[in-house]
Amino acid sequence: MAPQLRSCNLQQRWKPFSGCRPPRMVARPISQATQTLQASTEGRTAPAASSIISPADLRERVAFFNTMSRSKELFKPRLTDGPVSMYVCGVTVYDYSHIGHARVYVAFDVLYRFLTSACGYNVQYVRNFTDIDDKIITRAQQAGVDTAELTERFISEFNRDMAALNVLPPSLEPRATAFVSQMIDTISAIMSYGHAYVVEGGDVFFDVASLEGYGRLSGRAQDDNRAGERVAVDGRKRSPADFALWKAAKPGEPSWPSPWGPGRPGWHIECSTMIRELMGPVIDIHGGGRDLVFPHHENELAQSQAACGCGRDHPQPSPSSSASSSSSSFDDMQPQLHNGTDFVRYWLHNGFVNVDSEKMSKSLGNFFTIRDVLARYHPLALRWFLLAAQYRAPLNYSDKGLEEASGRLYYVTQARADVVEALRAAGPDGERAVAEAQALLPLPGPRREEQAAVSTTSPPQQQPQPTTTTTTTTTMTTTPASVASNNGRKGAATAAAVSAGSPPVGPALISEVLLALADDLNTPAAVSALSGPLKTINDLLTTKAGRKRPDRLAVLAQLHVALGTVMGLMGMELSQAPAPGSEAARTHGRLEEVGASLEQLLKELRALALVRLEMTEAQVAASIRERAEARQAKDFARSDAIRLDLASKGILLLDTPQGTTWRPGTATSD
């Protein structure tokens with residue numbers, strides 16, 4: 001059987017799974033891409049405080065820590081005129097997802113939003129489902145169901161979890177079982193280049209010792225490679241580190257025909273094949289958890305190198321044929337993979353979620369499912385908790401950390417709701433101030449129409465070919481129709497701010513957050529950037545001097561728009577923006593709608609706080625009435641005792657002119 005990957009004429013246009021890199025897809029060698037950040041940013045000035053940093057300037061500052069080079073590198077996509085391609089390894093669908101999974105997909109969701117909404121890139125984001133695996137087969141047999149029924153169920157459950165966490169759907173969600181024939185072609189190509197072998201019984205193994213450079217992603221020497229997780233001990237293997245490309249069929253297991261007999265693909269081969277089939281020979285970003293560096297991503301890299309025949313010389317075109325293609329030259333034809341540019345330009349890996357200093361995992365039995373946590377904490381509180389640590393750093397799971405995240409989210413949401421109320425109370429002046437702020441603070445993004453999610457149930461022959469498929473950019477705020485006409489000129493609120501000499505707080509906040517995210521997705525710095533604006537809001541709403549500031553409405557409006565933009569960029573909004581041009585888009589962003597959404601979030605946060613306290617709203621209301629009666633009777637000792645008792649449970653009372661309310665807080669000791 002002649003493998004499809006043997007032909008590698010560099011002058012051909014790229015076709016899915018052809019094994020050929022098109023001339024315009026030739027990436028710069030990594031040695032050129034990894035310039036030092038100091039040299040590349042020398043002489044740059046900070047963005048002007050009066051405007052948001054431009055997408056062009058922002059793109060020049062984006063840098064990620066590349067696992068391959070073990071250093072922070074400027075992000076330079078392989079194509080200047082095409083989409084950024086990003087592949088993130090998905091879940092093996094045999095059980096509910098845990099908090100470790102949540103961390104992976106929330107982190108890369110923020111990256112996805114940042115690259116599209118802030119940097120202006122079109123992004124082709126692919127995240128797979130492993131729907132054939134030893135664990136799936138075992139669980140299906142235990143449950144007495146077909147593997148397809150089991151995987152269909154947990155794909156649906158995974159999607160429910162991701163929707164709850166505000167994780168945007170990727171461009172494509174391919175399933176491994178839809179690409180088995182292409183995986184067989186990949187294995188055939190690997191064998192043809194002498195990097196794999198068949199053993200008695202019909203299994204096919206990758207020959208690790210045959211490939212120069214194996215271990216360079218993980219930094220492991222060949223002598224360190226032993227059979228381990230998902231690399232079974234098998235006396236038929238030439239080396240314990242050799243891993244399965246094809247597993248011969250066993251009674252009662254799903255199987256597909258192959259040149260080596262019926263069977264099914266190994267775990268690692270699926271990602272190598274789907275990346276090449278759907279995205280091409282070279283992609284910009286490959287992401288996943290740190291636990292995937294070895295063996296999964298190391299083996300992906302080896303398979304892609306071996307299937308291409310890289311390390312061997314590619315056929316070079318004759319001078320005459322080269323002249324016929326004006327889009328390439330011999331200088332541009334960098335060798336693939338080991339001798340030049342790998343099939344992945346930037347490897348990004350998030351850190352572990354730990355419990356008592358141990359990695360959270362199903363194998364260790366110390367994991368908490370997303371469902372477990374969301375029964376007690378709001379999805380956005382969990383998201384805040386996950387983003388409070390930089391994605392590469394380890395994150396220690398604890399109820400205390402989740403309580404703090406929930407409290408912080410409540411505080412920010414309440415501050416935003418108070419700003420909306422103040423702007424609404426100002427009537428037309430407040431609306432004009434918001435319109436002027438929206439004109440001042442547009443968040444740039446790719447100019448494209450909303451695209452429907454790609455069905456993950458398409459049969460193999462219907463799987464879409466590589467395109468510039470992208471997600472919809474979420475527009476965080478939309479100018480109300482009633483005041484849109486004010487956008488073209490400076491209004492009263494803006495004029496007051498200028499005459500008062502006020503710094504433009506909105507652009508400063510958004511730029512600070514964007515620059516933090518550009519620095520290897522530094523979400524803790526992005527979250528910290530909210531502290532100053534929140535203090536400003538408090539001053540403007542609660543102090544005598546703040547309420548008298550002539551620029552008060554302008555500053556509040558800028559912070560209203562800027563906070564909405566930032567929270568949307570971080571995926572922390574309760575609802576997403578409607579499709580451009582839709583009926584809902586006409587009113588989206590109006591103060592009434594935003595205020596209602598914020599109040600709904602506050603209500604949900606309070607309800608879950610009561611769940612954790614094993615209390616009801618009626619019980620809290622009864623305590624508030626009892627305290628009010630004690631105060632009216634001038635029994636202040638009793639009044640204070642009730643307040644302190646509630647505070648010890650994590651319920652903080654707030655006395656306002658409209659009456660006493662409460663908010664969740666950290667429980668205090670007696």
# chains A, B, ... in the order shown; residues from 1 in each chain; ligands from 1
call {"tool": "residues_around", "arguments": {"residues": "region 125-132 of chain A", "least_positions_apart": "4", "cutoff": "8 Å", "atoms": "only C-alpha atoms", "output": "PyMOL selection string"}}
result
chain A and resi 85-93+112+136-137+147-148+151+155+170-177+267+271+470
call {"tool": "closest_atom_pairs", "arguments": {"of": "region 111-215 of chain A", "to": "region 236-253 of chain A", "cutoff": "6 Å", "atoms": "only C-alpha atoms", "output": "tab-separated table"}}
result
residue	atom	partner	partner_atom	distance
A:Gly202	CA	A:Ala248	CA	5.2
A:Asp203	CA	A:Lys247	CA	4.8
A:Val204	CA	A:Trp246	CA	4.9
A:Phe205	CA	A:Ala244	CA	4.5
A:Phe206	CA	A:Asp242	CA	5.4
A:Asp207	CA	A:Asp242	CA	5.5
A:Val208	CA	A:Asp242	CA	5.4
call {"tool": "write_last_selection", "arguments": {"atoms": "all heavy atoms", "output": "tab-separated table (two decimals), in the first residue's frame"}}
result
chain	number	residue	atom	x	y	z
A	202	GLY	N	-0.53	-8.06	15.10
A	202	GLY	CA	-1.08	-6.96	14.32
A	202	GLY	C	-0.94	-5.58	14.93
A	202	GLY	O	-1.43	-4.61	14.36
A	203	ASP	N	-0.28	-5.46	16.09
A	203	ASP	CA	-0.03	-4.13	16.65
A	203	ASP	C	1.10	-3.45	15.88
A	203	ASP	O	2.02	-4.12	15.38
A	203	ASP	CB	0.36	-4.23	18.12
A	203	ASP	CG	-0.81	-4.62	19.01
A	203	ASP	OD1	-1.95	-4.64	18.51
A	203	ASP	OD2	-0.58	-4.90	20.20
A	204	VAL	N	1.05	-2.12	15.81
A	204	VAL	CA	2.10	-1.33	15.17
A	204	VAL	C	2.67	-0.38	16.21
A	204	VAL	O	1.92	0.34	16.89
A	204	VAL	CB	1.57	-0.54	13.95
A	204	VAL	CG1	2.70	0.27	13.31
A	204	VAL	CG2	0.94	-1.47	12.93
A	205	PHE	N	4.01	-0.36	16.34
A	205	PHE	CA	4.67	0.50	17.31
A	205	PHE	C	5.59	1.50	16.61
A	205	PHE	O	6.19	1.19	15.57
A	205	PHE	CB	5.49	-0.33	18.31
A	205	PHE	CG	4.66	-1.15	19.25
A	205	PHE	CD1	4.46	-2.50	19.02
A	205	PHE	CD2	4.06	-0.57	20.35
A	205	PHE	CE1	3.70	-3.27	19.88
A	205	PHE	CE2	3.28	-1.32	21.22
A	205	PHE	CZ	3.10	-2.67	20.98
A	206	PHE	N	5.69	2.68	17.22
A	206	PHE	CA	6.65	3.68	16.76
A	206	PHE	C	8.02	3.33	17.33
A	206	PHE	O	8.15	3.07	18.53
A	206	PHE	CB	6.24	5.07	17.23
A	206	PHE	CG	7.04	6.19	16.62
A	206	PHE	CD1	6.57	6.85	15.49
A	206	PHE	CD2	8.25	6.58	17.16
A	206	PHE	CE1	7.31	7.89	14.92
A	206	PHE	CE2	8.99	7.60	16.61
A	206	PHE	CZ	8.52	8.26	15.48
A	207	ASP	N	9.04	3.35	16.47
A	207	ASP	CA	10.41	3.03	16.88
A	207	ASP	C	11.10	4.32	17.32
A	207	ASP	O	11.64	5.07	16.51
A	207	ASP	CB	11.16	2.39	15.71
A	207	ASP	CG	12.55	1.89	16.10
A	207	ASP	OD1	12.93	2.07	17.28
A	207	ASP	OD2	13.24	1.34	15.23
A	208	VAL	N	11.08	4.58	18.62
A	208	VAL	CA	11.60	5.83	19.15
A	208	VAL	C	13.09	6.00	18.83
A	208	VAL	O	13.55	7.10	18.49
A	208	VAL	CB	11.36	5.89	20.68
A	208	VAL	CG1	12.14	7.03	21.31
A	208	VAL	CG2	9.87	6.05	20.97
call {"tool": "residues_around", "arguments": {"residues": "Arg103 (chain A)", "least_positions_apart": "2", "cutoff": "10 Å", "atoms": "only C-alpha atoms", "output": "list in words"}}
result
His98, Ile99, Gly100, His101, Tyr105, Val106, Ala107, Phe108, Asp109, Gly288, Gly289, Asn350, Gly351, Phe352, Val353, Leu382, Arg383, Phe385, Leu386, Leu387, Tyr391 and Leu395 of chain A
call {"tool": "closest_residue", "arguments": {"among": "A:Asp133, A:Glu300, A:Glu431, A:Asp640", "to": "Gly263 (chain A)", "atoms": "only C-alpha atoms"}}
result
A:Asp133
call {"tool": "atom_distance", "arguments": {"atom1": "CA of Ile285 (chain A)", "atom2": "CA of Leu111 (chain A)"}}
result
10.6 Å
call {"tool": "select_by_dssp", "arguments": {"residues": "region 41-264 of chain A", "states": "strand (DSSP E)", "output": "MDAnalysis selection string"}}
result
chainID A and resid 63:66 71:74 84:88 123:127 196:198 204:206 243:248 263:264
call {"tool": "write_last_selection", "arguments": {"atoms": "C-alpha atoms", "output": "CSV table (one decimal), in the first residue's frame"}}
result
chain,number,residue,atom,x,y,z
A,63,ALA,CA,4.9,37.2,23.6
A,64,PHE,CA,4.4,33.6,24.9
A,65,PHE,CA,6.5,31.2,26.8
A,66,ASN,CA,7.4,28.4,24.3
A,71,SER,CA,11.9,30.9,26.8
A,72,LYS,CA,9.5,33.7,26.2
A,73,GLU,CA,9.2,34.6,22.5
A,74,LEU,CA,7.5,37.3,20.5
A,84,VAL,CA,-3.7,32.2,13.2
A,85,SER,CA,-4.1,28.4,13.7
A,86,MET,CA,-4.5,27.1,17.2
A,87,TYR,CA,-5.0,23.5,18.3
A,88,VAL,CA,-5.7,22.5,21.9
A,123,VAL,CA,-8.2,32.5,14.4
A,124,GLN,CA,-8.8,28.9,13.4
A,125,TYR,CA,-9.3,27.2,16.7
A,126,VAL,CA,-9.5,23.4,16.7
A,127,ARG,CA,-10.2,21.3,19.8
A,196,ALA,CA,7.5,2.0,12.9
A,197,TYR,CA,7.2,-1.7,12.8
A,198,VAL,CA,4.5,-4.4,13.1
A,204,VAL,CA,2.1,-1.3,15.2
A,205,PHE,CA,4.7,0.5,17.3
A,206,PHE,CA,6.7,3.7,16.8
A,243,PHE,CA,4.5,3.5,21.7
A,244,ALA,CA,1.4,2.1,19.9
A,245,LEU,CA,0.3,3.6,16.6
A,246,TRP,CA,-2.2,0.8,16.0
A,247,LYS,CA,-3.8,-1.7,18.4
A,248,ALA,CA,-5.0,-5.0,17.1
A,263,GLY,CA,-7.9,-2.8,15.1
A,264,ARG,CA,-8.0,0.8,16.3
call {"tool": "decode", "arguments": {"residues": "region 601-633 of chain A", "atoms": "N, CA and C atoms", "output": "PDB file, in the first residue's frame"}}
result
ATOM      1  N   LEU A 601     -26.723  38.562  38.096  1.00  0.00           N
ATOM      2  CA  LEU A 601     -25.500  37.916  38.563  1.00  0.00           C
ATOM      3  C   LEU A 601     -25.371  38.041  40.081  1.00  0.00           C
ATOM      4  N   LEU A 602     -25.660  39.213  40.622  1.00  0.00           N
ATOM      5  CA  LEU A 602     -25.608  39.389  42.075  1.00  0.00           C
ATOM      6  C   LEU A 602     -26.585  38.449  42.776  1.00  0.00           C
ATOM      7  N   LYS A 603     -27.765  38.326  42.215  1.00  0.00           N
ATOM      8  CA  LYS A 603     -28.775  37.430  42.796  1.00  0.00           C
ATOM      9  C   LYS A 603     -28.279  35.986  42.803  1.00  0.00           C
ATOM     10  N   GLU A 604     -27.667  35.555  41.706  1.00  0.00           N
ATOM     11  CA  GLU A 604     -27.168  34.181  41.621  1.00  0.00           C
ATOM     12  C   GLU A 604     -26.015  33.949  42.591  1.00  0.00           C
ATOM     13  N   LEU A 605     -25.146  34.928  42.741  1.00  0.00           N
ATOM     14  CA  LEU A 605     -24.039  34.802  43.690  1.00  0.00           C
ATOM     15  C   LEU A 605     -24.553  34.704  45.126  1.00  0.00           C
ATOM     16  N   ARG A 606     -25.570  35.496  45.458  1.00  0.00           N
ATOM     17  CA  ARG A 606     -26.141  35.425  46.806  1.00  0.00           C
ATOM     18  C   ARG A 606     -26.798  34.064  47.051  1.00  0.00           C
ATOM     19  N   ALA A 607     -27.506  33.567  46.048  1.00  0.00           N
ATOM     20  CA  ALA A 607     -28.199  32.282  46.204  1.00  0.00           C
ATOM     21  C   ALA A 607     -27.212  31.149  46.460  1.00  0.00           C
ATOM     22  N   LEU A 608     -26.099  31.142  45.755  1.00  0.00           N
ATOM     23  CA  LEU A 608     -25.108  30.086  45.956  1.00  0.00           C
ATOM     24  C   LEU A 608     -24.377  30.247  47.280  1.00  0.00           C
ATOM     25  N   ALA A 609     -24.207  31.485  47.738  1.00  0.00           N
ATOM     26  CA  ALA A 609     -23.613  31.690  49.060  1.00  0.00           C
ATOM     27  C   ALA A 609     -24.499  31.066  50.131  1.00  0.00           C
ATOM     28  N   LEU A 610     -25.802  31.204  49.982  1.00  0.00           N
ATOM     29  CA  LEU A 610     -26.728  30.596  50.943  1.00  0.00           C
ATOM     30  C   LEU A 610     -26.680  29.074  50.878  1.00  0.00           C
ATOM     31  N   VAL A 611     -26.474  28.532  49.678  1.00  0.00           N
ATOM     32  CA  VAL A 611     -26.326  27.073  49.547  1.00  0.00           C
ATOM     33  C   VAL A 611     -25.129  26.601  50.360  1.00  0.00           C
ATOM     34  N   ARG A 612     -24.015  27.308  50.251  1.00  0.00           N
ATOM     35  CA  ARG A 612     -22.814  26.920  50.994  1.00  0.00           C
ATOM     36  C   ARG A 612     -23.013  27.067  52.501  1.00  0.00           C
ATOM     37  N   LEU A 613     -23.812  28.049  52.905  1.00  0.00           N
ATOM     38  CA  LEU A 613     -24.062  28.292  54.325  1.00  0.00           C
ATOM     39  C   LEU A 613     -25.203  27.434  54.867  1.00  0.00           C
ATOM     40  N   GLU A 614     -25.865  26.723  53.967  1.00  0.00           N
ATOM     41  CA  GLU A 614     -27.031  25.909  54.337  1.00  0.00           C
ATOM     42  C   GLU A 614     -28.084  26.768  55.028  1.00  0.00           C
ATOM     43  N   MET A 615     -28.314  27.935  54.434  1.00  0.00           N
ATOM     44  CA  MET A 615     -29.329  28.867  54.913  1.00  0.00           C
ATOM     45  C   MET A 615     -30.269  29.216  53.766  1.00  0.00           C
ATOM     46  N   THR A 616     -31.368  29.896  54.106  1.00  0.00           N
ATOM     47  CA  THR A 616     -32.313  30.351  53.095  1.00  0.00           C
ATOM     48  C   THR A 616     -32.426  31.869  53.141  1.00  0.00           C
ATOM     49  N   GLU A 617     -32.942  32.435  52.057  1.00  0.00           N
ATOM     50  CA  GLU A 617     -33.168  33.878  52.009  1.00  0.00           C
ATOM     51  C   GLU A 617     -34.142  34.300  53.106  1.00  0.00           C
ATOM     52  N   ALA A 618     -35.118  33.441  53.395  1.00  0.00           N
ATOM     53  CA  ALA A 618     -36.101  33.759  54.440  1.00  0.00           C
ATOM     54  C   ALA A 618     -35.439  33.864  55.808  1.00  0.00           C
ATOM     55  N   GLN A 619     -34.468  32.997  56.082  1.00  0.00           N
ATOM     56  CA  GLN A 619     -33.768  33.053  57.369  1.00  0.00           C
ATOM     57  C   GLN A 619     -32.971  34.339  57.501  1.00  0.00           C
ATOM     58  N   VAL A 620     -32.314  34.748  56.424  1.00  0.00           N
ATOM     59  CA  VAL A 620     -31.547  35.999  56.463  1.00  0.00           C
ATOM     60  C   VAL A 620     -32.499  37.174  56.657  1.00  0.00           C
ATOM     61  N   ALA A 621     -33.619  37.160  55.927  1.00  0.00           N
ATOM     62  CA  ALA A 621     -34.589  38.257  56.050  1.00  0.00           C
ATOM     63  C   ALA A 621     -35.134  38.342  57.475  1.00  0.00           C
ATOM     64  N   ALA A 622     -35.352  37.180  58.103  1.00  0.00           N
ATOM     65  CA  ALA A 622     -35.849  37.181  59.483  1.00  0.00           C
ATOM     66  C   ALA A 622     -34.827  37.803  60.433  1.00  0.00           C
ATOM     67  N   SER A 623     -33.554  37.494  60.232  1.00  0.00           N
ATOM     68  CA  SER A 623     -32.507  38.083  61.074  1.00  0.00           C
ATOM     69  C   SER A 623     -32.419  39.583  60.865  1.00  0.00           C
ATOM     70  N   ILE A 624     -32.579  40.027  59.614  1.00  0.00           N
ATOM     71  CA  ILE A 624     -32.540  41.463  59.329  1.00  0.00           C
ATOM     72  C   ILE A 624     -33.710  42.169  60.011  1.00  0.00           C
ATOM     73  N   ARG A 625     -34.906  41.561  59.994  1.00  0.00           N
ATOM     74  CA  ARG A 625     -36.064  42.161  60.672  1.00  0.00           C
ATOM     75  C   ARG A 625     -35.848  42.212  62.185  1.00  0.00           C
ATOM     76  N   GLU A 626     -35.298  41.136  62.737  1.00  0.00           N
ATOM     77  CA  GLU A 626     -35.038  41.095  64.180  1.00  0.00           C
ATOM     78  C   GLU A 626     -34.046  42.179  64.572  1.00  0.00           C
ATOM     79  N   ARG A 627     -33.036  42.373  63.752  1.00  0.00           N
ATOM     80  CA  ARG A 627     -32.046  43.413  64.047  1.00  0.00           C
ATOM     81  C   ARG A 627     -32.691  44.797  63.967  1.00  0.00           C
ATOM     82  N   ALA A 628     -33.553  45.000  62.961  1.00  0.00           N
ATOM     83  CA  ALA A 628     -34.224  46.292  62.819  1.00  0.00           C
ATOM     84  C   ALA A 628     -35.106  46.581  64.035  1.00  0.00           C
ATOM     85  N   GLU A 629     -35.796  45.570  64.519  1.00  0.00           N
ATOM     86  CA  GLU A 629     -36.632  45.743  65.709  1.00  0.00           C
ATOM     87  C   GLU A 629     -35.786  46.081  66.935  1.00  0.00           C
ATOM     88  N   ALA A 630     -34.623  45.434  67.070  1.00  0.00           N
ATOM     89  CA  ALA A 630     -33.737  45.714  68.200  1.00  0.00           C
ATOM     90  C   ALA A 630     -33.220  47.145  68.136  1.00  0.00           C
ATOM     91  N   ARG A 631     -32.891  47.597  66.940  1.00  0.00           N
ATOM     92  CA  ARG A 631     -32.410  48.974  66.798  1.00  0.00           C
ATOM     93  C   ARG A 631     -33.519  49.969  67.125  1.00  0.00           C
ATOM     94  N   GLN A 632     -34.708  49.658  66.670  1.00  0.00           N
ATOM     95  CA  GLN A 632     -35.822  50.555  66.949  1.00  0.00           C
ATOM     96  C   GLN A 632     -36.093  50.641  68.448  1.00  0.00           C
ATOM     97  N   ALA A 633     -35.862  49.517  69.143  1.00  0.00           N
ATOM     98  CA  ALA A 633     -36.038  49.495  70.609  1.00  0.00           C
ATOM     99  C   ALA A 633     -34.799  49.988  71.337  1.00  0.00           C
TER     100      ALA A 633
END
